[in-house]
>>> print(open('protein32.csv').read())   # CSV, C-alpha atoms
chain,number,residue,atom,x,y,z
W,1,MET,CA,-64.3,99.3,131.4
W,2,ASN,CA,-61.8,99.8,128.6
W,3,ALA,CA,-59.2,101.1,131.1
W,4,ILE,CA,-59.6,98.1,133.3
W,5,ALA,CA,-59.3,95.7,130.3
W,6,LEU,CA,-56.2,97.4,129.0
W,7,LEU,CA,-54.5,97.5,132.4
W,8,GLU,CA,-55.3,93.8,133.0
W,9,LEU,CA,-54.0,92.9,129.5
W,10,LYS,CA,-50.8,94.8,130.1
W,11,LYS,CA,-50.3,92.9,133.4
W,12,LYS,CA,-50.8,89.6,131.6
W,13,THR,CA,-48.3,90.4,128.9
W,14,GLN,CA,-45.7,91.1,131.6
W,15,ASP,CA,-46.4,88.0,133.6
W,16,LYS,CA,-43.7,85.5,132.6
W,17,GLY,CA,-45.3,82.8,134.7
W,18,LEU,CA,-48.5,83.0,132.7
W,19,TRP,CA,-46.6,82.6,129.4
W,20,PHE,CA,-44.9,79.5,130.7
W,21,TRP,CA,-48.3,77.9,131.8
W,22,THR,CA,-50.0,79.1,128.7
W,23,PHE,CA,-47.6,78.2,125.9
W,24,LEU,CA,-44.3,76.5,126.9
W,25,LEU,CA,-45.6,73.9,129.3
W,26,PRO,CA,-48.4,72.7,127.0
W,27,ILE,CA,-46.0,72.4,124.1
W,28,ILE,CA,-43.6,70.3,126.3
W,29,PHE,CA,-46.5,68.0,127.2
W,30,ILE,CA,-47.7,67.7,123.6
W,31,VAL,CA,-44.2,66.8,122.3
W,32,GLY,CA,-43.5,64.4,125.2
W,33,PHE,CA,-46.8,62.5,125.0
W,34,ILE,CA,-46.6,62.1,121.2
W,35,THR,CA,-43.0,61.0,121.4
W,36,LEU,CA,-43.2,58.7,124.3
W,37,PHE,CA,-46.7,57.2,124.1
W,38,GLY,CA,-47.5,57.3,120.4
W,39,GLU,CA,-46.7,53.7,119.5
W,40,SER,CA,-48.1,52.3,122.8
W,41,MET,CA,-51.5,53.8,122.1
W,42,GLY,CA,-51.8,52.0,118.8
W,43,ALA,CA,-53.5,54.8,117.0
W,44,GLU,CA,-53.0,56.1,113.5
W,45,PRO,CA,-50.6,59.1,113.4
W,46,GLU,CA,-53.4,61.6,112.5
W,47,GLN,CA,-55.8,60.2,115.2
W,48,LEU,CA,-53.0,60.4,117.8
W,49,VAL,CA,-52.2,64.0,116.9
W,50,VAL,CA,-55.9,65.0,116.9
W,51,GLN,CA,-56.3,63.4,120.4
W,52,ILE,CA,-53.2,64.9,122.0
W,53,VAL,CA,-52.9,68.4,120.5
W,54,PRO,CA,-56.5,69.5,121.1
W,55,GLY,CA,-56.7,67.4,124.3
W,56,TYR,CA,-53.8,69.3,126.0
W,57,THR,CA,-55.0,72.6,124.5
W,58,VAL,CA,-58.4,72.0,126.3
W,59,MET,CA,-56.7,71.0,129.5
W,60,PHE,CA,-54.3,73.9,129.7
W,61,SER,CA,-57.0,76.4,128.7
W,62,PHE,CA,-58.5,75.8,132.2
W,63,TYR,CA,-55.3,76.8,133.9
W,64,ILE,CA,-56.2,80.4,133.1
W,65,MET,CA,-58.3,80.0,136.2
W,66,ILE,CA,-55.2,80.4,138.3
W,67,SER,CA,-54.4,83.8,136.8
W,68,ILE,CA,-58.0,84.9,137.2
W,69,VAL,CA,-58.1,83.8,140.9
W,70,ILE,CA,-54.8,85.6,141.6
W,71,ALA,CA,-55.9,88.8,139.9
W,72,PHE,CA,-59.2,89.0,141.7
W,73,ILE,CA,-57.8,88.1,145.1
W,74,LYS,CA,-55.0,90.6,144.8
W,75,ASP,CA,-57.5,93.3,143.8
W,76,ARG,CA,-59.7,92.4,146.8
W,77,ASP,CA,-56.8,92.4,149.4
W,78,SER,CA,-55.1,95.5,148.0
W,79,GLY,CA,-58.2,97.6,148.2
W,80,MET,CA,-58.5,98.0,144.5
W,81,THR,CA,-61.9,96.3,144.5
W,82,ALA,CA,-63.3,98.5,147.2
W,83,ARG,CA,-62.1,101.6,145.3
W,84,MET,CA,-63.6,100.5,142.1
W,85,ALA,CA,-66.9,99.7,143.8
W,86,SER,CA,-67.0,103.4,145.0
W,87,THR,CA,-67.0,104.6,141.4
W,88,PRO,CA,-70.0,104.8,139.0
W,89,LEU,CA,-68.6,101.7,137.3
W,90,SER,CA,-71.3,99.0,137.2
W,91,ARG,CA,-70.7,95.4,138.3
W,92,MET,CA,-71.0,94.2,134.7
W,93,GLU,CA,-68.5,96.7,133.4
W,94,TYR,CA,-66.0,95.7,136.1
W,95,PHE,CA,-66.5,92.1,135.2
W,96,LEU,CA,-66.2,92.6,131.5
W,97,GLY,CA,-63.0,94.7,132.0
W,98,LYS,CA,-61.4,91.9,134.1
W,99,TRP,CA,-62.8,89.0,132.0
W,100,LEU,CA,-62.1,90.0,128.4
W,101,PRO,CA,-58.3,90.1,128.6
W,102,PHE,CA,-58.3,86.5,129.9
W,103,VAL,CA,-60.6,85.4,127.0
W,104,ALA,CA,-58.1,87.0,124.7
W,105,VAL,CA,-55.2,85.1,126.3
W,106,VAL,CA,-57.0,81.7,126.0
W,107,LEU,CA,-57.8,82.4,122.3
W,108,LEU,CA,-54.2,83.2,121.7
W,109,GLN,CA,-53.2,80.1,123.5
W,110,ILE,CA,-55.4,78.0,121.2
W,111,ILE,CA,-54.1,79.7,118.1
W,112,VAL,CA,-50.4,79.1,119.2
W,113,LEU,CA,-50.9,75.4,120.2
W,114,PHE,CA,-52.9,74.5,117.1
W,115,GLY,CA,-50.4,76.4,115.0
W,116,PHE,CA,-47.7,74.4,116.6
W,117,GLY,CA,-49.6,71.2,115.8
W,118,VAL,CA,-50.0,72.2,112.2
W,119,VAL,CA,-46.3,73.1,111.7
W,120,VAL,CA,-44.8,70.2,113.6
W,121,TYR,CA,-47.3,67.4,113.2
W,122,ASP,CA,-49.4,68.3,110.2
W,123,LEU,CA,-52.5,68.7,112.4
W,124,PRO,CA,-55.6,68.9,110.1
W,125,LEU,CA,-57.7,72.0,110.8
W,126,GLY,CA,-61.0,71.3,109.0
W,127,ASP,CA,-63.7,73.9,108.8
W,128,PRO,CA,-62.2,77.2,110.0
W,129,VAL,CA,-65.6,78.7,111.0
W,130,ALA,CA,-66.5,75.7,113.2
W,131,LEU,CA,-63.0,75.6,114.7
W,132,ALA,CA,-63.1,79.3,115.5
W,133,VAL,CA,-66.6,79.2,117.1
W,134,LEU,CA,-65.7,76.1,119.1
W,135,SER,CA,-62.5,77.8,120.3
W,136,VAL,CA,-64.6,80.9,121.5
W,137,GLY,CA,-66.9,78.5,123.3
W,138,LEU,CA,-63.9,76.9,125.0
W,139,ALA,CA,-62.4,80.2,126.0
W,140,PHE,CA,-65.9,81.2,127.3
W,141,VAL,CA,-66.3,78.2,129.6
W,142,ALA,CA,-62.7,78.2,130.8
W,143,THR,CA,-62.6,81.8,131.8
W,144,GLY,CA,-66.2,81.6,133.1
W,145,CYS,CA,-65.1,78.9,135.5
W,146,GLY,CA,-62.2,81.1,136.5
W,147,MET,CA,-64.5,84.1,137.2
W,148,ALA,CA,-66.8,81.9,139.4
W,149,MET,CA,-63.8,80.5,141.2
W,150,ALA,CA,-62.3,84.0,141.8
W,151,VAL,CA,-65.3,85.3,143.7
W,152,LEU,CA,-65.9,82.0,145.6
W,153,ALA,CA,-62.4,81.3,146.8
W,154,LYS,CA,-61.5,82.8,150.1
W,155,THR,CA,-57.7,82.5,149.6
W,156,GLU,CA,-55.3,82.3,146.7
W,157,ASN,CA,-54.2,78.8,147.7
W,158,MET,CA,-57.7,77.5,147.8
W,159,GLY,CA,-58.4,78.9,144.3
W,160,ILE,CA,-55.2,77.3,142.9
W,161,ALA,CA,-56.0,74.0,144.6
W,162,LEU,CA,-59.5,73.9,143.2
W,163,THR,CA,-58.2,74.9,139.8
W,164,GLN,CA,-55.9,71.9,139.8
W,165,VAL,CA,-58.8,69.6,140.6
W,166,ILE,CA,-60.9,71.0,137.8
W,167,ALA,CA,-58.1,71.1,135.2
W,168,LEU,CA,-56.5,67.7,136.0
W,169,GLY,CA,-59.6,65.9,137.2
W,170,GLY,CA,-61.5,67.1,134.1
W,171,ALA,CA,-58.6,66.1,131.9
W,172,MET,CA,-58.5,62.6,133.3
W,173,LEU,CA,-62.2,62.0,133.4
W,174,GLY,CA,-63.0,63.9,130.3
W,175,GLY,CA,-60.9,61.8,128.0
W,176,LEU,CA,-58.2,64.4,127.4
W,177,TRP,CA,-55.3,62.1,128.3
W,178,MET,CA,-56.6,59.0,126.4
W,179,PRO,CA,-59.5,58.3,124.1
W,180,VAL,CA,-62.8,58.0,126.0
W,181,GLU,CA,-63.5,54.6,124.4
W,182,PHE,CA,-60.4,53.2,126.2
W,183,MET,CA,-61.8,54.1,129.6
W,184,PRO,CA,-64.2,52.0,131.8
W,185,GLU,CA,-67.9,52.5,131.1
W,186,VAL,CA,-68.5,54.3,134.4
W,187,MET,CA,-65.8,56.9,133.5
W,188,GLN,CA,-67.3,57.3,130.0
W,189,ASN,CA,-70.6,58.2,131.5
W,190,ILE,CA,-69.0,60.7,133.9
W,191,ALA,CA,-67.1,62.3,131.0
W,192,ARG,CA,-70.3,63.3,129.3
W,193,PHE,CA,-71.1,65.7,132.2
W,194,LEU,CA,-67.8,67.6,131.8
W,195,PRO,CA,-67.1,70.5,129.4
W,196,HIS,CA,-63.6,69.1,128.8
W,197,TYR,CA,-65.2,66.1,127.0
W,198,TRP,CA,-67.5,68.2,124.9
W,199,ALA,CA,-64.8,70.6,123.8
W,200,LEU,CA,-62.5,67.7,122.7
W,201,GLU,CA,-65.3,65.9,121.0
W,202,GLY,CA,-66.2,69.0,119.1
W,203,TYR,CA,-62.6,69.5,118.0
W,204,LYS,CA,-62.3,65.8,116.9
W,205,THR,CA,-65.5,66.2,114.9
W,206,VAL,CA,-64.1,69.2,113.0
W,207,LEU,CA,-60.5,67.9,112.6
W,208,LEU,CA,-61.0,64.2,111.9
W,209,GLU,CA,-64.5,64.1,110.3
W,210,GLN,CA,-64.4,67.5,108.5
W,211,GLY,CA,-67.5,68.6,110.6
W,212,THR,CA,-69.1,71.9,110.2
W,213,LEU,CA,-70.7,74.2,112.7
W,214,LEU,CA,-74.0,72.3,112.3
W,215,ASP,CA,-72.1,69.1,113.3
W,216,VAL,CA,-70.7,70.5,116.6
W,217,TRP,CA,-73.8,72.5,117.7
W,218,ALA,CA,-74.4,70.2,120.6
W,219,SER,CA,-70.8,70.5,121.9
W,220,LEU,CA,-70.9,74.3,121.5
W,221,ALA,CA,-74.3,74.5,123.2
W,222,ILE,CA,-73.1,72.6,126.2
W,223,LEU,CA,-69.9,74.7,126.5
W,224,VAL,CA,-72.1,77.9,126.4
W,225,VAL,CA,-74.4,76.5,129.1
W,226,PHE,CA,-71.5,75.6,131.4
W,227,GLY,CA,-69.9,79.0,130.8
W,228,THR,CA,-73.2,80.8,131.4
W,229,ILE,CA,-73.8,79.0,134.7
W,230,CYS,CA,-70.3,80.0,135.8
W,231,ILE,CA,-70.7,83.6,134.8
W,232,VAL,CA,-74.1,83.9,136.5
W,233,THR,CA,-72.6,82.3,139.7
W,234,ALA,CA,-69.8,84.9,139.6
W,235,LEU,CA,-72.3,87.7,139.4
W,236,VAL,CA,-74.5,86.3,142.1
W,237,PHE,CA,-71.7,85.9,144.6
W,238,TYR,CA,-69.9,89.1,143.7
W,239,PRO,CA,-71.6,91.0,146.6
W,240,ARG,CA,-70.1,88.6,149.0
W,241,TYR,CA,-66.7,89.0,147.3
W,242,LEU,CA,-67.1,92.8,147.6
W,243,ARG,CA,-67.9,92.5,151.4
W,244,GLN,CA,-64.6,90.7,151.9
W,245,ALA,CA,-62.7,93.5,150.1
W,246,LYS,CA,-60.4,95.6,152.1
W,247,SER,CA,-61.0,99.3,152.0
>>> encode(input="protein32.csv", output="structure tokens")
Amino acid sequence: MNAIALLELKKKTQDKGLWFWTFLLPIIFIVGFITLFGESMGAEPEQLVVQIVPGYTVMFSFYIMISIVIAFIKDRDSGMTARMASTPLSRMEYFLGKWLPFVAVVLLQIIVLFGFGVVVYDLPLGDPVALAVLSVGLAFVATGCGMAMAVLAKTENMGIALTQVIALGGAMLGGLWMPVEFMPEVMQNIARFLPHYWALEGYKTVLLEQGTLLDVWASLAILVVFGTICIVTALVFYPRYLRQAKS
């Protein structure tokens, strides 16, 4: 398991496209939206920063799904999956080895984007424990969705297309682009069924209201439930993924 995790992490550090999607593009979006739409949204500077920085952090964390899908499909089609299945390595060890490096990437992404917000826009951080635990919950659900998508998608293009739907659709409906209270009531009700909404609400509670871990337990619990459903789905459908692997 450790060897798989180290190999996957090494590949991620060498993937320039991943660094662009993970760090550079989110920063461009954050700067652009705060610069262009700050005044038109009519919010206080602190409220605007707390809406946009965590909002785009949550949205782009789900783009890790693309890298997960590509990694799994490449392993499946290159014969790597079949070779690993013939070893004593268990299904769970294989999954952990592939999964944990992506969790680390998302956590690093959150640290970088929030750090950028602090340095450039004086983003308040609030309780560090609540912020850290909530970030782990976000990384868990984003990578969990990616793991499920990776074993369900038959082709790389299908996985990427579905990732766009989840990331962009979740961002739009989950209140990441604009405060939920500005949206129609129907969309507000839909938002409450999305992990994107609960991640942002948790962050806003910590950053704006100085909330503690006890104040964001509901958001955290929902993120964990979503992530667990995705991970269980990935494990259940792994045999089908394995049957599709080239020997």
>>> residues_around(input="protein32.csv", residues="Gly159 (chain W)", least_positions_apart="4", cutoff="7 Å", atoms="all atoms listed in the file", output="VMD selection string")
chain W and resid 66 69 149 to 150 153 155 163
>>> residues_around(input="protein32.csv", residues="region 194-204 of chain W", least_positions_apart="4", cutoff="7 Å", atoms="only C-alpha atoms", output="PDB file with C-alpha atoms, in the coordinates of the input")
ATOM      1  CA  VAL W  50     -55.900  65.000 116.900  1.00  0.00           C
ATOM      2  CA  PRO W  54     -56.500  69.500 121.100  1.00  0.00           C
ATOM      3  CA  GLY W  55     -56.700  67.400 124.300  1.00  0.00           C
ATOM      4  CA  VAL W  58     -58.400  72.000 126.300  1.00  0.00           C
ATOM      5  CA  LEU W 131     -63.000  75.600 114.700  1.00  0.00           C
ATOM      6  CA  LEU W 138     -63.900  76.900 125.000  1.00  0.00           C
ATOM      7  CA  GLY W 170     -61.500  67.100 134.100  1.00  0.00           C
ATOM      8  CA  ALA W 171     -58.600  66.100 131.900  1.00  0.00           C
ATOM      9  CA  GLY W 174     -63.000  63.900 130.300  1.00  0.00           C
ATOM     10  CA  GLY W 175     -60.900  61.800 128.000  1.00  0.00           C
ATOM     11  CA  LEU W 208     -61.000  64.200 111.900  1.00  0.00           C
ATOM     12  CA  VAL W 216     -70.700  70.500 116.600  1.00  0.00           C
ATOM     13  CA  SER W 219     -70.800  70.500 121.900  1.00  0.00           C
ATOM     14  CA  LEU W 223     -69.900  74.700 126.500  1.00  0.00           C
TER      15      LEU W 223
END
>>> atom_distance(input="protein32.csv", atom1="CA of Ala234 (chain W)", atom2="CA of Leu152 (chain W)")
7.7 Å
>>> closest_residue(input="protein32.csv", among="W:Lys16, W:Arg91, W:Arg192, W:Arg243", to="Gly79 (chain W)", atoms="all atoms listed in the file")
W:Arg243
>>> atom_distance(input="protein32.csv", atom1="CA of Glu8 (chain W)", atom2="CA of Leu220 (chain W)")
27.5 Å
>>> atom_distance(input="protein32.csv", atom1="CA of Ser86 (chain W)", atom2="CA of Ala245 (chain W)")
11.9 Å
>>> closest_residue(input="protein32.csv", among="W:Leu96, W:Val112, W:Phe62, W:Pro128", to="Ile166 (chain W)", atoms="all atoms listed in the file")
W:Phe62
>>> residues_around(input="protein32.csv", residues="Leu24 (chain W)", least_positions_apart="3", cutoff="12 Å", atoms="all atoms listed in the file", output="short mmCIF file (atom, residue, chain, number, x, y, z; two decimals) with C-alpha atoms, keeping the file's coordinate frame")
data_model
loop_
_atom_site.label_atom_id
_atom_site.label_comp_id
_atom_site.auth_asym_id
_atom_site.auth_seq_id
_atom_site.Cartn_x
_atom_site.Cartn_y
_atom_site.Cartn_z
CA LYS W 16 -43.70 85.50 132.60
CA GLY W 17 -45.30 82.80 134.70
CA LEU W 18 -48.50 83.00 132.70
CA TRP W 19 -46.60 82.60 129.40
CA PHE W 20 -44.90 79.50 130.70
CA TRP W 21 -48.30 77.90 131.80
CA ILE W 27 -46.00 72.40 124.10
CA ILE W 28 -43.60 70.30 126.30
CA PHE W 29 -46.50 68.00 127.20
CA ILE W 30 -47.70 67.70 123.60
CA VAL W 31 -44.20 66.80 122.30
CA TYR W 56 -53.80 69.30 126.00
CA THR W 57 -55.00 72.60 124.50
CA PHE W 60 -54.30 73.90 129.70
CA GLN W 109 -53.20 80.10 123.50
CA VAL W 112 -50.40 79.10 119.20
CA LEU W 113 -50.90 75.40 120.20
CA PHE W 116 -47.70 74.40 116.60
#
>>> closest_residue(input="protein32.csv", among="W:Asn189, W:Thr228, W:Ser61, W:Thr212", to="Ala104 (chain W)", atoms="all atoms listed in the file")
W:Ser61
>>> closest_residue(input="protein32.csv", among="W:Gly227, W:Pro239, W:Pro45, W:Pro101", to="Gly144 (chain W)", atoms="only C-alpha atoms")
W:Gly227
